[in-house]
$ cat coords.cif   # mmCIF, C-alpha atoms
data_model
loop_
_atom_site.group_PDB
_atom_site.id
_atom_site.type_symbol
_atom_site.label_atom_id
_atom_site.label_comp_id
_atom_site.auth_asym_id
_atom_site.auth_seq_id
_atom_site.Cartn_x
_atom_site.Cartn_y
_atom_site.Cartn_z
ATOM 1 C CA MET V 1239 52.941 100.546 -53.880
ATOM 2 C CA ALA V 1240 52.634 97.067 -52.434
ATOM 3 C CA ARG V 1241 50.605 96.792 -49.223
ATOM 4 C CA GLN V 1242 52.765 96.269 -46.170
ATOM 5 C CA ARG V 1243 52.686 92.713 -44.872
ATOM 6 C CA PRO V 1244 50.754 92.453 -41.563
ATOM 7 C CA GLU V 1245 52.870 91.697 -38.507
ATOM 8 C CA PRO V 1246 52.912 88.096 -37.257
ATOM 9 C CA VAL V 1247 50.184 87.497 -34.667
ATOM 10 C CA GLN V 1248 52.636 86.705 -31.870
ATOM 11 C CA VAL V 1249 54.498 89.977 -32.379
ATOM 12 C CA VAL V 1250 51.238 91.910 -32.067
ATOM 13 C CA LYS V 1251 50.071 89.991 -28.997
ATOM 14 C CA THR V 1252 53.406 90.170 -27.210
ATOM 15 C CA ARG V 1253 53.628 93.925 -27.730
ATOM 16 C CA ARG V 1254 50.074 94.683 -26.555
ATOM 17 C CA ASP V 1255 49.985 92.221 -23.660
ATOM 18 C CA GLY V 1256 53.445 93.303 -22.494
ATOM 19 C CA VAL V 1257 52.394 96.945 -22.182
ATOM 20 C CA LEU V 1258 49.090 96.006 -20.534
ATOM 21 C CA ALA V 1259 50.844 93.769 -17.994
ATOM 22 C CA ALA V 1260 53.317 96.542 -17.177
ATOM 23 C CA LEU V 1261 50.467 99.035 -16.792
ATOM 24 C CA THR V 1262 48.311 96.897 -14.485
ATOM 25 C CA GLY V 1263 51.264 95.348 -12.666
ATOM 26 C CA SER V 1264 52.448 98.810 -11.645
ATOM 27 C CA ILE V 1265 49.460 99.355 -9.329
ATOM 28 C CA PRO V 1266 49.979 97.604 -5.964
ATOM 29 C CA TYR V 1267 46.389 98.259 -4.878
ATOM 30 C CA ALA V 1268 45.014 96.428 -7.957
ATOM 31 C CA GLN V 1269 47.048 93.397 -6.925
ATOM 32 C CA PHE V 1270 45.874 93.704 -3.310
ATOM 33 C CA LEU V 1271 42.239 93.524 -4.490
ATOM 34 C CA GLY V 1272 42.904 90.824 -7.088
ATOM 35 C CA VAL V 1273 41.987 92.944 -10.115
ATOM 36 C CA THR V 1274 43.268 91.667 -13.473
ATOM 37 C CA PHE V 1275 42.538 92.669 -17.078
ATOM 38 C CA GLU V 1276 41.534 90.691 -20.143
ATOM 39 C CA ARG V 1277 42.050 92.114 -23.627
ATOM 40 C CA ARG V 1278 40.259 91.566 -26.953
ATOM 41 C CA GLY V 1279 41.946 93.825 -29.485
ATOM 42 C CA ASP V 1280 41.860 97.205 -27.781
ATOM 43 C CA GLU V 1281 38.840 96.326 -25.606
ATOM 44 C CA LEU V 1282 39.615 95.747 -21.933
ATOM 45 C CA THR V 1283 37.548 93.881 -19.365
ATOM 46 C CA ALA V 1284 38.552 94.303 -15.732
ATOM 47 C CA VAL V 1285 38.091 91.198 -13.596
ATOM 48 C CA LEU V 1286 37.648 91.278 -9.818
ATOM 49 C CA ASN V 1287 38.844 87.817 -8.813
ATOM 50 C CA TYR V 1288 36.779 86.823 -5.796
ATOM 51 C CA SER V 1289 38.293 86.197 -2.381
ATOM 52 C CA ASP V 1290 36.671 86.116 1.082
ATOM 53 C CA ASP V 1291 38.603 89.260 2.039
ATOM 54 C CA LEU V 1292 36.387 91.288 -0.309
ATOM 55 C CA ILE V 1293 33.253 90.718 1.767
ATOM 56 C CA GLY V 1294 31.667 93.681 3.538
ATOM 57 C CA ASN V 1295 28.509 92.158 4.938
ATOM 58 C CA PRO V 1296 29.129 88.549 6.019
ATOM 59 C CA LEU V 1297 25.446 87.907 6.749
ATOM 60 C CA LEU V 1298 24.254 88.260 3.155
ATOM 61 C CA PRO V 1299 27.180 87.790 2.180
ATOM 62 C CA ALA V 1300 27.949 90.722 -0.146
ATOM 63 C CA ILE V 1301 31.049 92.334 -1.600
ATOM 64 C CA HIS V 1302 32.100 95.457 0.336
ATOM 65 C CA GLY V 1303 30.819 98.647 -1.285
ATOM 66 C CA GLY V 1304 34.297 100.114 -0.994
ATOM 67 C CA VAL V 1305 35.711 97.189 -2.964
ATOM 68 C CA THR V 1306 33.144 97.798 -5.693
ATOM 69 C CA ALA V 1307 34.066 101.490 -5.749
ATOM 70 C CA ALA V 1308 37.772 100.721 -5.959
ATOM 71 C CA PHE V 1309 37.221 98.100 -8.651
ATOM 72 C CA LEU V 1310 35.262 100.544 -10.833
ATOM 73 C CA GLU V 1311 37.877 103.239 -10.331
ATOM 74 C CA ILE V 1312 40.765 100.955 -11.234
ATOM 75 C CA ALA V 1313 38.849 99.766 -14.316
ATOM 76 C CA ALA V 1314 38.214 103.393 -15.339
ATOM 77 C CA THR V 1315 41.788 104.577 -14.726
ATOM 78 C CA VAL V 1316 43.460 101.678 -16.551
ATOM 79 C CA SER V 1317 40.975 101.747 -19.455
ATOM 80 C CA LEU V 1318 41.471 105.497 -19.860
ATOM 81 C CA THR V 1319 45.248 105.168 -19.889
ATOM 82 C CA TRP V 1320 45.044 102.219 -22.281
ATOM 83 C CA ALA V 1321 42.831 104.143 -24.723
ATOM 84 C CA THR V 1322 45.174 107.132 -24.530
ATOM 85 C CA ILE V 1323 48.362 105.207 -25.251
ATOM 86 C CA TRP V 1324 46.960 102.703 -27.792
ATOM 87 C CA ASP V 1325 48.247 104.506 -30.910
ATOM 88 C CA ASP V 1326 51.696 104.963 -29.374
ATOM 89 C CA VAL V 1327 51.819 101.303 -28.345
ATOM 90 C CA GLU V 1328 50.995 100.278 -31.906
ATOM 91 C CA SER V 1329 53.626 102.584 -33.395
ATOM 92 C CA GLY V 1330 56.215 101.457 -30.856
ATOM 93 C CA ALA V 1331 56.590 104.959 -29.392
ATOM 94 C CA ILE V 1332 55.518 103.589 -25.991
ATOM 95 C CA ASP V 1333 56.600 100.246 -24.605
ATOM 96 C CA ALA V 1334 56.485 98.549 -21.208
ATOM 97 C CA THR V 1335 59.419 100.655 -19.971
ATOM 98 C CA SER V 1336 58.113 104.062 -21.019
ATOM 99 C CA LEU V 1337 54.559 104.225 -19.690
ATOM 100 C CA PRO V 1338 53.087 107.648 -18.906
ATOM 101 C CA ARG V 1339 51.920 108.623 -15.415
ATOM 102 C CA LEU V 1340 48.385 107.533 -14.511
ATOM 103 C CA PRO V 1341 45.540 110.069 -14.771
ATOM 104 C CA LYS V 1342 44.525 111.691 -11.467
ATOM 105 C CA THR V 1343 40.960 111.185 -10.312
ATOM 106 C CA ILE V 1344 39.107 114.466 -9.767
ATOM 107 C CA ASP V 1345 35.892 112.847 -8.603
ATOM 108 C CA PHE V 1346 34.168 109.511 -8.822
ATOM 109 C CA THR V 1347 30.488 108.644 -8.343
ATOM 110 C CA ILE V 1348 29.228 105.126 -7.765
ATOM 111 C CA ASP V 1349 25.648 103.869 -8.058
ATOM 112 C CA TYR V 1350 25.087 100.618 -6.213
ATOM 113 C CA LEU V 1351 22.362 98.879 -8.200
ATOM 114 C CA ARG V 1352 22.244 95.526 -6.399
ATOM 115 C CA SER V 1353 24.451 93.778 -3.896
ATOM 116 C CA GLY V 1354 27.666 92.202 -5.163
ATOM 117 C CA LEU V 1355 27.511 88.420 -4.850
ATOM 118 C CA PRO V 1356 30.440 86.383 -3.511
ATOM 119 C CA ARG V 1357 31.877 85.547 -6.931
ATOM 120 C CA ASP V 1358 33.985 87.154 -9.685
ATOM 121 C CA ALA V 1359 32.871 90.496 -11.126
ATOM 122 C CA TYR V 1360 33.640 92.163 -14.448
ATOM 123 C CA ALA V 1361 33.770 95.777 -15.563
ATOM 124 C CA ARG V 1362 34.105 97.694 -18.796
ATOM 125 C CA ALA V 1363 34.676 101.400 -19.188
ATOM 126 C CA ARG V 1364 33.645 103.823 -21.906
ATOM 127 C CA ILE V 1365 35.706 106.959 -22.430
ATOM 128 C CA THR V 1366 33.067 109.604 -23.103
ATOM 129 C CA ARG V 1367 35.525 112.467 -23.347
ATOM 130 C CA SER V 1368 39.257 112.326 -23.700
ATOM 131 C CA GLY V 1369 40.839 115.742 -23.959
ATOM 132 C CA ARG V 1370 44.374 116.966 -23.528
ATOM 133 C CA ARG V 1371 43.779 117.927 -19.880
ATOM 134 C CA TYR V 1372 40.480 116.372 -18.774
ATOM 135 C CA ALA V 1373 38.646 113.114 -19.386
ATOM 136 C CA SER V 1374 35.239 111.646 -18.469
ATOM 137 C CA VAL V 1375 34.761 107.919 -18.095
ATOM 138 C CA GLN V 1376 31.659 105.777 -17.568
ATOM 139 C CA VAL V 1377 32.115 102.299 -16.165
ATOM 140 C CA GLU V 1378 29.745 99.419 -15.525
ATOM 141 C CA ALA V 1379 30.253 96.232 -13.502
ATOM 142 C CA TRP V 1380 28.330 92.982 -13.701
ATOM 143 C CA GLN V 1381 28.536 89.419 -12.464
ATOM 144 C CA ASP V 1382 26.202 86.781 -13.893
ATOM 145 C CA ASN V 1383 24.361 88.800 -16.543
ATOM 146 C CA ARG V 1384 25.957 91.493 -18.659
ATOM 147 C CA ALA V 1385 22.547 93.191 -18.988
ATOM 148 C CA ARG V 1386 22.093 93.371 -15.202
ATOM 149 C CA PRO V 1387 24.941 95.517 -13.848
ATOM 150 C CA PHE V 1388 25.374 95.556 -10.057
ATOM 151 C CA ALA V 1389 27.170 98.894 -10.041
ATOM 152 C CA GLN V 1390 27.952 101.783 -12.355
ATOM 153 C CA GLY V 1391 30.388 104.625 -12.004
ATOM 154 C CA LEU V 1392 31.207 108.006 -13.508
ATOM 155 C CA GLY V 1393 34.597 109.582 -13.072
ATOM 156 C CA HIS V 1394 36.451 112.728 -14.100
ATOM 157 C CA PHE V 1395 40.214 112.751 -14.475
ATOM 158 C CA VAL V 1396 43.124 115.113 -15.001
ATOM 159 C CA MET V 1397 45.367 113.697 -17.709
ATOM 160 C CA PRO V 1398 49.118 113.466 -17.101
ATOM 161 C CA ARG V 1399 51.218 116.045 -18.921
ATOM 162 C CA LYS V 1400 52.718 114.641 -22.077
ATOM 163 C CA PRO V 1401 56.497 114.653 -22.031
ATOM 164 C CA GLU V 1402 57.944 117.306 -24.367
ATOM 165 C CA ALA V 1403 58.308 115.971 -27.890
ATOM 166 C CA SER V 1404 61.854 114.857 -28.561
ATOM 167 C CA GLY V 1405 64.069 117.429 -30.244
ATOM 168 C CA VAL V 1406 62.060 120.378 -28.933
ATOM 169 C CA MET K 1031 18.220 101.389 21.044
ATOM 170 C CA ALA K 1032 21.306 102.129 23.114
ATOM 171 C CA LYS K 1033 24.597 101.131 21.560
ATOM 172 C CA ASP K 1034 27.731 100.851 23.643
ATOM 173 C CA PRO K 1035 30.191 102.794 21.459
ATOM 174 C CA ASP K 1036 33.295 100.769 22.287
ATOM 175 C CA SER K 1037 31.921 97.297 21.807
ATOM 176 C CA PHE K 1038 30.031 98.461 18.703
ATOM 177 C CA ALA K 1039 33.280 99.788 17.248
ATOM 178 C CA ASP K 1040 35.169 96.572 17.880
ATOM 179 C CA GLN K 1041 32.368 94.409 16.559
ATOM 180 C CA PHE K 1042 31.918 96.586 13.515
ATOM 181 C CA ILE K 1043 35.441 96.062 12.192
ATOM 182 C CA SER K 1044 35.768 92.429 13.184
ATOM 183 C CA ALA K 1045 32.460 91.679 11.427
ATOM 184 C CA LEU K 1046 33.617 93.140 8.103
ATOM 185 C CA PRO K 1047 36.271 90.991 6.430
ATOM 186 C CA HIS K 1048 37.340 93.747 4.059
ATOM 187 C CA ALA K 1049 37.606 96.326 6.852
ATOM 188 C CA ARG K 1050 39.997 93.904 8.583
ATOM 189 C CA ALA K 1051 41.918 93.434 5.316
ATOM 190 C CA LEU K 1052 42.383 97.223 5.085
ATOM 191 C CA GLY K 1053 43.578 97.374 8.699
ATOM 192 C CA LEU K 1054 40.888 99.909 9.607
ATOM 193 C CA ARG K 1055 40.688 101.217 13.181
ATOM 194 C CA VAL K 1056 37.528 102.723 14.619
ATOM 195 C CA VAL K 1057 38.240 105.931 16.513
ATOM 196 C CA GLN K 1058 34.654 106.773 17.340
ATOM 197 C CA VAL K 1059 31.197 105.580 16.297
ATOM 198 C CA GLU K 1060 28.300 107.214 18.026
ATOM 199 C CA ALA K 1061 24.860 108.622 17.236
ATOM 200 C CA GLY K 1062 25.270 109.051 13.498
ATOM 201 C CA ILE K 1063 28.926 110.120 13.508
ATOM 202 C CA ALA K 1064 31.849 107.831 12.753
ATOM 203 C CA GLU K 1065 35.613 108.308 12.639
ATOM 204 C CA ILE K 1066 37.765 105.555 11.167
ATOM 205 C CA GLU K 1067 41.514 105.439 10.466
ATOM 206 C CA MET K 1068 43.427 103.633 7.746
ATOM 207 C CA PRO K 1069 47.155 103.327 8.554
ATOM 208 C CA TYR K 1070 49.536 103.687 5.594
ATOM 209 C CA ASP K 1071 50.251 100.370 3.883
ATOM 210 C CA SER K 1072 52.417 99.911 0.775
ATOM 211 C CA ARG K 1073 49.912 97.355 -0.578
ATOM 212 C CA PHE K 1074 47.364 100.180 -0.998
ATOM 213 C CA ILE K 1075 49.586 102.305 -3.247
ATOM 214 C CA GLY K 1076 47.967 103.516 -6.464
ATOM 215 C CA ASP K 1077 50.908 105.360 -8.014
ATOM 216 C CA PRO K 1078 54.197 103.502 -7.472
ATOM 217 C CA GLN K 1079 56.240 106.500 -8.656
ATOM 218 C CA THR K 1080 55.073 108.586 -5.712
ATOM 219 C CA GLY K 1081 53.901 106.005 -3.148
ATOM 220 C CA VAL K 1082 50.529 107.766 -2.940
ATOM 221 C CA ILE K 1083 47.610 105.625 -1.705
ATOM 222 C CA ALA K 1084 45.111 104.594 -4.412
ATOM 223 C CA GLY K 1085 41.914 106.615 -4.683
ATOM 224 C CA GLY K 1086 40.023 103.338 -4.448
ATOM 225 C CA ALA K 1087 41.433 102.646 -0.973
ATOM 226 C CA VAL K 1088 40.264 106.085 0.159
ATOM 227 C CA SER K 1089 36.844 105.276 -1.362
ATOM 228 C CA ALA K 1090 36.697 102.030 0.612
ATOM 229 C CA LEU K 1091 37.533 103.929 3.816
ATOM 230 C CA MET K 1092 34.868 106.577 3.062
ATOM 231 C CA ASP K 1093 32.225 103.952 2.289
ATOM 232 C CA THR K 1094 32.977 102.024 5.491
ATOM 233 C CA CYS K 1095 32.924 105.195 7.560
ATOM 234 C CA GLY K 1096 29.639 106.362 5.982
ATOM 235 C CA GLY K 1097 28.062 102.969 6.640
ATOM 236 C CA ALA K 1098 29.247 103.027 10.261
ATOM 237 C CA ALA K 1099 27.747 106.479 10.768
ATOM 238 C CA VAL K 1100 24.378 105.277 9.443
ATOM 239 C CA MET K 1101 24.426 102.080 11.493
ATOM 240 C CA SER K 1102 25.096 104.036 14.669
ATOM 241 C CA HIS K 1103 22.285 106.514 14.066
ATOM 242 C CA PRO K 1104 19.451 106.132 16.580
ATOM 243 C CA LYS K 1105 16.816 106.138 13.795
ATOM 244 C CA ASN K 1106 18.390 103.147 12.021
ATOM 245 C CA GLY K 1107 17.284 99.694 13.092
ATOM 246 C CA GLY K 1108 20.224 97.635 11.961
ATOM 247 C CA GLY K 1109 22.403 97.325 8.899
ATOM 248 C CA THR K 1110 22.726 99.567 5.878
ATOM 249 C CA ALA K 1111 23.772 99.471 2.238
ATOM 250 C CA THR K 1112 25.216 102.226 0.082
ATOM 251 C CA ILE K 1113 22.834 103.584 -2.557
ATOM 252 C CA ASP K 1114 25.313 106.000 -4.070
ATOM 253 C CA LEU K 1115 28.563 107.655 -3.132
ATOM 254 C CA ARG K 1116 30.437 110.539 -4.736
ATOM 255 C CA ILE K 1117 34.018 111.197 -3.788
ATOM 256 C CA ASP K 1118 35.967 114.372 -4.606
ATOM 257 C CA TYR K 1119 39.723 114.002 -4.475
ATOM 258 C CA MET K 1120 41.195 117.331 -3.429
ATOM 259 C CA ARG K 1121 44.841 116.308 -3.217
ATOM 260 C CA SER K 1122 47.141 113.311 -2.928
ATOM 261 C CA ALA K 1123 47.466 111.859 0.554
ATOM 262 C CA THR K 1124 51.009 112.242 1.869
ATOM 263 C CA PRO K 1125 52.801 108.865 1.658
ATOM 264 C CA GLY K 1126 53.488 107.291 5.044
ATOM 265 C CA GLN K 1127 50.664 109.066 6.872
ATOM 266 C CA THR K 1128 47.489 107.553 8.330
ATOM 267 C CA ILE K 1129 44.281 108.668 6.616
ATOM 268 C CA ARG K 1130 41.389 109.450 8.928
ATOM 269 C CA ALA K 1131 37.790 109.703 7.723
ATOM 270 C CA ARG K 1132 34.944 111.348 9.585
ATOM 271 C CA ALA K 1133 31.390 110.714 8.387
ATOM 272 C CA GLU K 1134 28.122 112.182 9.576
ATOM 273 C CA ALA K 1135 24.611 110.973 8.788
ATOM 274 C CA TYR K 1136 23.248 114.527 8.721
ATOM 275 C CA HIS K 1137 19.699 113.695 7.692
ATOM 276 C CA VAL K 1138 17.908 110.399 8.195
ATOM 277 C CA THR K 1139 14.422 109.569 6.946
ATOM 278 C CA ARG K 1140 12.528 106.281 7.333
ATOM 279 C CA SER K 1141 14.217 104.887 4.222
ATOM 280 C CA VAL K 1142 17.290 106.965 3.389
ATOM 281 C CA ALA K 1143 20.277 108.352 5.298
ATOM 282 C CA PHE K 1144 22.152 111.299 3.775
ATOM 283 C CA VAL K 1145 25.829 111.259 4.634
ATOM 284 C CA ARG K 1146 28.807 113.535 4.178
ATOM 285 C CA ALA K 1147 32.369 112.603 4.956
ATOM 286 C CA THR K 1148 35.843 114.122 4.965
ATOM 287 C CA ALA K 1149 39.218 112.394 4.853
ATOM 288 C CA THR K 1150 42.443 113.985 6.082
ATOM 289 C CA ASP K 1151 46.027 112.955 6.720
ATOM 290 C CA ASP K 1152 48.335 114.691 9.255
ATOM 291 C CA ASP K 1153 47.602 118.066 7.643
ATOM 292 C CA THR K 1154 44.081 118.228 9.038
ATOM 293 C CA ASP K 1155 43.349 121.691 7.611
ATOM 294 C CA ASN K 1156 43.603 120.458 4.015
ATOM 295 C CA PRO K 1157 41.260 117.519 3.353
ATOM 296 C CA VAL K 1158 42.490 114.736 1.073
ATOM 297 C CA ALA K 1159 38.955 113.950 -0.072
ATOM 298 C CA THR K 1160 35.319 114.641 0.683
ATOM 299 C CA ALA K 1161 32.339 112.425 -0.033
ATOM 300 C CA THR K 1162 28.569 112.645 -0.095
ATOM 301 C CA GLY K 1163 26.328 109.627 -0.263
ATOM 302 C CA ALA K 1164 22.921 108.101 0.328
ATOM 303 C CA PHE K 1165 22.549 104.914 2.345
ATOM 304 C CA THR K 1166 19.581 102.644 3.041
ATOM 305 C CA VAL K 1167 17.852 102.783 6.428
ATOM 306 C CA GLU K 1168 16.419 99.630 7.939
ATOM 307 C CA GLY K 1169 13.273 99.680 10.043
ATOM 308 C CA LYS K 1170 13.544 98.984 13.728
ATOM 309 C CA VAL K 1171 12.754 95.439 14.791
#

$ encode --input "coords.cif" --output "structure tokens"
Amino acid sequence: MARQRPEPVQVVKTRRDGVLAALTGSIPYAQFLGVTFERRGDELTAVLNYSDDLIGNPLLPAIHGGVTAAFLEIAATVSLTWATIWDDVESGAIDATSLPRLPKTIDFTIDYLRSGLPRDAYARARITRSGRRYASVQVEAWQDNRARPFAQGLGHFVMPRKPEASGV
Amino acid sequence: MAKDPDSFADQFISALPHARALGLRVVQVEAGIAEIEMPYDSRFIGDPQTGVIAGGAVSALMDTCGGAAVMSHPKNGGGTATIDLRIDYMRSATPGQTIRARAEAYHVTRSVAFVRATATDDDTDNPVATATGAFTVEGKV
């Protein structure tokens, strides 16, 4: 059997970026903070786009610890959802109009390793367990040096119920 | 060091750009205990299908409230920074309702303040979230 011809690059990009934009665009609080996502294949990097409103301590100045916490949690939640739906996005079973509910955070722990500088920050999450009902996610945020994170987080989530399979 | 609670409360919020951005209101800050409110705002929604406030916004409120409690503690000489914070989300906050956090620095050493906090909406018997954290303590000048 002849190998199926790969899809044109623009078809692939449009599909993936469309779903990602719908996913991140659906969270008002991510827009309030200025959190966006960059994608390389299935790998996501969350970006906290700096603004003066993110400052907690104006004397240093440093990014507010609550902003850092929220940034890590958004990065974890979106990355977890993205990893969960990836196969369905590729098959076409899920598109920008049929996204699942977001996972619910059970708990979230943040380690503040150094103060956040007044500039953009980046975060990547690693899904350490992704079950039918529960998931664990590690997330790390950095600014200038990838090897010197300024915060790390660990979160547990309840996964949304999958809609009943069609025809059942 | 005596701290006038009212002026400290006003100064605290106005000095923190992100606390202003969140519209936080200090209810009480005194001797290691802080109460801060976050009125409902559609910009803070995490789940657009339900209108429930994002967990991250509750985290920001908890962190601010914990920091305020530490700063107001008589053993702390000035500012503080969060070392770590764990937040447990017990239930979704009811859309439209103000969330109020109460934090207490329940043990303060020369270098570390241990804090616990609770957040509630109008149903004050069922917390929305609880938090525990460690904050830095600055020496007195």

$ closest_residue --input "coords.cif" --among "K:Gly1169, K:Gly1096, K:Gly1086, K:Gly1062" --to "chain V" --atoms "only C-alpha atoms"
K:Gly1086

$ resolve_selection --input "coords.cif" --expression "the PyMOL selection byres ((chain K) within 7 of (chain V))" --output "mmCIF file with C-alpha atoms, keeping the file's coordinate frame"
data_model
loop_
_atom_site.group_PDB
_atom_site.id
_atom_site.type_symbol
_atom_site.label_atom_id
_atom_site.label_comp_id
_atom_site.auth_asym_id
_atom_site.auth_seq_id
_atom_site.Cartn_x
_atom_site.Cartn_y
_atom_site.Cartn_z
ATOM 1 C CA LEU K 1046 33.617 93.140 8.103
ATOM 2 C CA PRO K 1047 36.271 90.991 6.430
ATOM 3 C CA HIS K 1048 37.340 93.747 4.059
ATOM 4 C CA ALA K 1051 41.918 93.434 5.316
ATOM 5 C CA ARG K 1073 49.912 97.355 -0.578
ATOM 6 C CA PHE K 1074 47.364 100.180 -0.998
ATOM 7 C CA ILE K 1075 49.586 102.305 -3.247
ATOM 8 C CA GLY K 1076 47.967 103.516 -6.464
ATOM 9 C CA ASP K 1077 50.908 105.360 -8.014
ATOM 10 C CA PRO K 1078 54.197 103.502 -7.472
ATOM 11 C CA ALA K 1084 45.111 104.594 -4.412
ATOM 12 C CA GLY K 1086 40.023 103.338 -4.448
ATOM 13 C CA ALA K 1087 41.433 102.646 -0.973
ATOM 14 C CA SER K 1089 36.844 105.276 -1.362
ATOM 15 C CA ALA K 1090 36.697 102.030 0.612
ATOM 16 C CA LEU K 1091 37.533 103.929 3.816
ATOM 17 C CA ASP K 1093 32.225 103.952 2.289
ATOM 18 C CA THR K 1094 32.977 102.024 5.491
ATOM 19 C CA THR K 1112 25.216 102.226 0.082
ATOM 20 C CA ILE K 1113 22.834 103.584 -2.557
ATOM 21 C CA ASP K 1114 25.313 106.000 -4.070
ATOM 22 C CA LEU K 1115 28.563 107.655 -3.132
ATOM 23 C CA ARG K 1116 30.437 110.539 -4.736
ATOM 24 C CA ILE K 1117 34.018 111.197 -3.788
ATOM 25 C CA ASP K 1118 35.967 114.372 -4.606
ATOM 26 C CA TYR K 1119 39.723 114.002 -4.475
#

$ atom_distance --input "coords.cif" --atom1 "atom CA of K:Ile1063" --atom2 "atom CA of K:Val1082"
27.3 Å

$ closest_residue --input "coords.cif" --among "V:Gly1279, V:Pro1338, V:Thr1274, V:Asp1333" --to "V:Ala1361" --atoms "all atoms listed in the file"
V:Thr1274

$ residues_near_point --input "coords.cif" --point "(26.5, 111.5, 0.9)" --cutoff "7 Å" --atoms "all atoms listed in the file" --output "ChimeraX atom specification"
/K:1115-1116,1144-1146,1161-1164

$ atom_distance --input "coords.cif" --atom1 "atom CA of V:Asp1280" --atom2 "atom CA of V:Pro1356"
28.9 Å

$ atom_distance --input "coords.cif" --atom1 "atom CA of K:Gly1109" --atom2 "atom CA of K:Arg1132"
18.8 Å

$ resolve_selection --input "coords.cif" --expression "the PyMOL selection byres ((chain K and resi 1150) around 10)" --output "PyMOL selection string"
chain K and resi 1067+1121+1123-1124+1127-1132+1148-1149+1151-1160

$ write_last_selection --input "coords.cif" --atoms "C-alpha atoms" --output "PDB file, in the coordinates of the input"
ATOM      1  CA  GLU K1067      41.514 105.439  10.466  1.00  0.00           C
ATOM      2  CA  ARG K1121      44.841 116.308  -3.217  1.00  0.00           C
ATOM      3  CA  ALA K1123      47.466 111.859   0.554  1.00  0.00           C
ATOM      4  CA  THR K1124      51.009 112.242   1.869  1.00  0.00           C
ATOM      5  CA  GLN K1127      50.664 109.066   6.872  1.00  0.00           C
ATOM      6  CA  THR K1128      47.489 107.553   8.330  1.00  0.00           C
ATOM      7  CA  ILE K1129      44.281 108.668   6.616  1.00  0.00           C
ATOM      8  CA  ARG K1130      41.389 109.450   8.928  1.00  0.00           C
ATOM      9  CA  ALA K1131      37.790 109.703   7.723  1.00  0.00           C
ATOM     10  CA  ARG K1132      34.944 111.348   9.585  1.00  0.00           C
ATOM     11  CA  THR K1148      35.843 114.122   4.965  1.00  0.00           C
ATOM     12  CA  ALA K1149      39.218 112.394   4.853  1.00  0.00           C
ATOM     13  CA  ASP K1151      46.027 112.955   6.720  1.00  0.00           C
ATOM     14  CA  ASP K1152      48.335 114.691   9.255  1.00  0.00           C
ATOM     15  CA  ASP K1153      47.602 118.066   7.643  1.00  0.00           C
ATOM     16  CA  THR K1154      44.081 118.228   9.038  1.00  0.00           C
ATOM     17  CA  ASP K1155      43.349 121.691   7.611  1.00  0.00           C
ATOM     18  CA  ASN K1156      43.603 120.458   4.015  1.00  0.00           C
ATOM     19  CA  PRO K1157      41.260 117.519   3.353  1.00  0.00           C
ATOM     20  CA  VAL K1158      42.490 114.736   1.073  1.00  0.00           C
ATOM     21  CA  ALA K1159      38.955 113.950  -0.072  1.00  0.00           C
ATOM     22  CA  THR K1160      35.319 114.641   0.683  1.00  0.00           C
TER      23      THR K1160
END

$ resolve_selection --input "coords.cif" --expression "the PyMOL selection byres ((chain V and resi 1245-1257) around 10)" --output "short mmCIF file (atom, residue, chain, number, x, y, z; two decimals) with C-alpha atoms, keeping the file's coordinate frame"
data_model
loop_
_atom_site.label_atom_id
_atom_site.label_comp_id
_atom_site.auth_asym_id
_atom_site.auth_seq_id
_atom_site.Cartn_x
_atom_site.Cartn_y
_atom_site.Cartn_z
CA GLN V 1242 52.76 96.27 -46.17
CA ARG V 1243 52.69 92.71 -44.87
CA PRO V 1244 50.75 92.45 -41.56
CA LEU V 1258 49.09 96.01 -20.53
CA ALA V 1259 50.84 93.77 -17.99
CA ALA V 1260 53.32 96.54 -17.18
CA LEU V 1261 50.47 99.04 -16.79
CA THR V 1262 48.31 96.90 -14.48
CA GLY V 1263 51.26 95.35 -12.67
CA PHE V 1275 42.54 92.67 -17.08
CA GLU V 1276 41.53 90.69 -20.14
CA ARG V 1277 42.05 92.11 -23.63
CA GLY V 1279 41.95 93.82 -29.48
CA ASP V 1280 41.86 97.20 -27.78
CA TRP V 1320 45.04 102.22 -22.28
CA ILE V 1323 48.36 105.21 -25.25
CA TRP V 1324 46.96 102.70 -27.79
CA VAL V 1327 51.82 101.30 -28.34
CA GLU V 1328 51.00 100.28 -31.91
CA GLY V 1330 56.22 101.46 -30.86
CA ILE V 1332 55.52 103.59 -25.99
CA ASP V 1333 56.60 100.25 -24.60
CA ALA V 1334 56.48 98.55 -21.21
CA THR V 1335 59.42 100.66 -19.97
CA SER V 1336 58.11 104.06 -21.02
CA LEU V 1337 54.56 104.22 -19.69
#

$ closest_residue --input "coords.cif" --among "V:Gln1376, V:Asn1287, V:Ser1317, V:Ser1329" --to "V:Asp1358" --atoms "only C-alpha atoms"
V:Asn1287

$ axis_aligned_box --input "coords.cif" --around "stretch 1148-1165 of chain K" --padding-each-side "3 Å" --output "JSON"
{"center_x": 35.4, "center_y": 113.3, "center_z": 4.5, "size_x": 31.8, "size_y": 22.8, "size_z": 15.5}
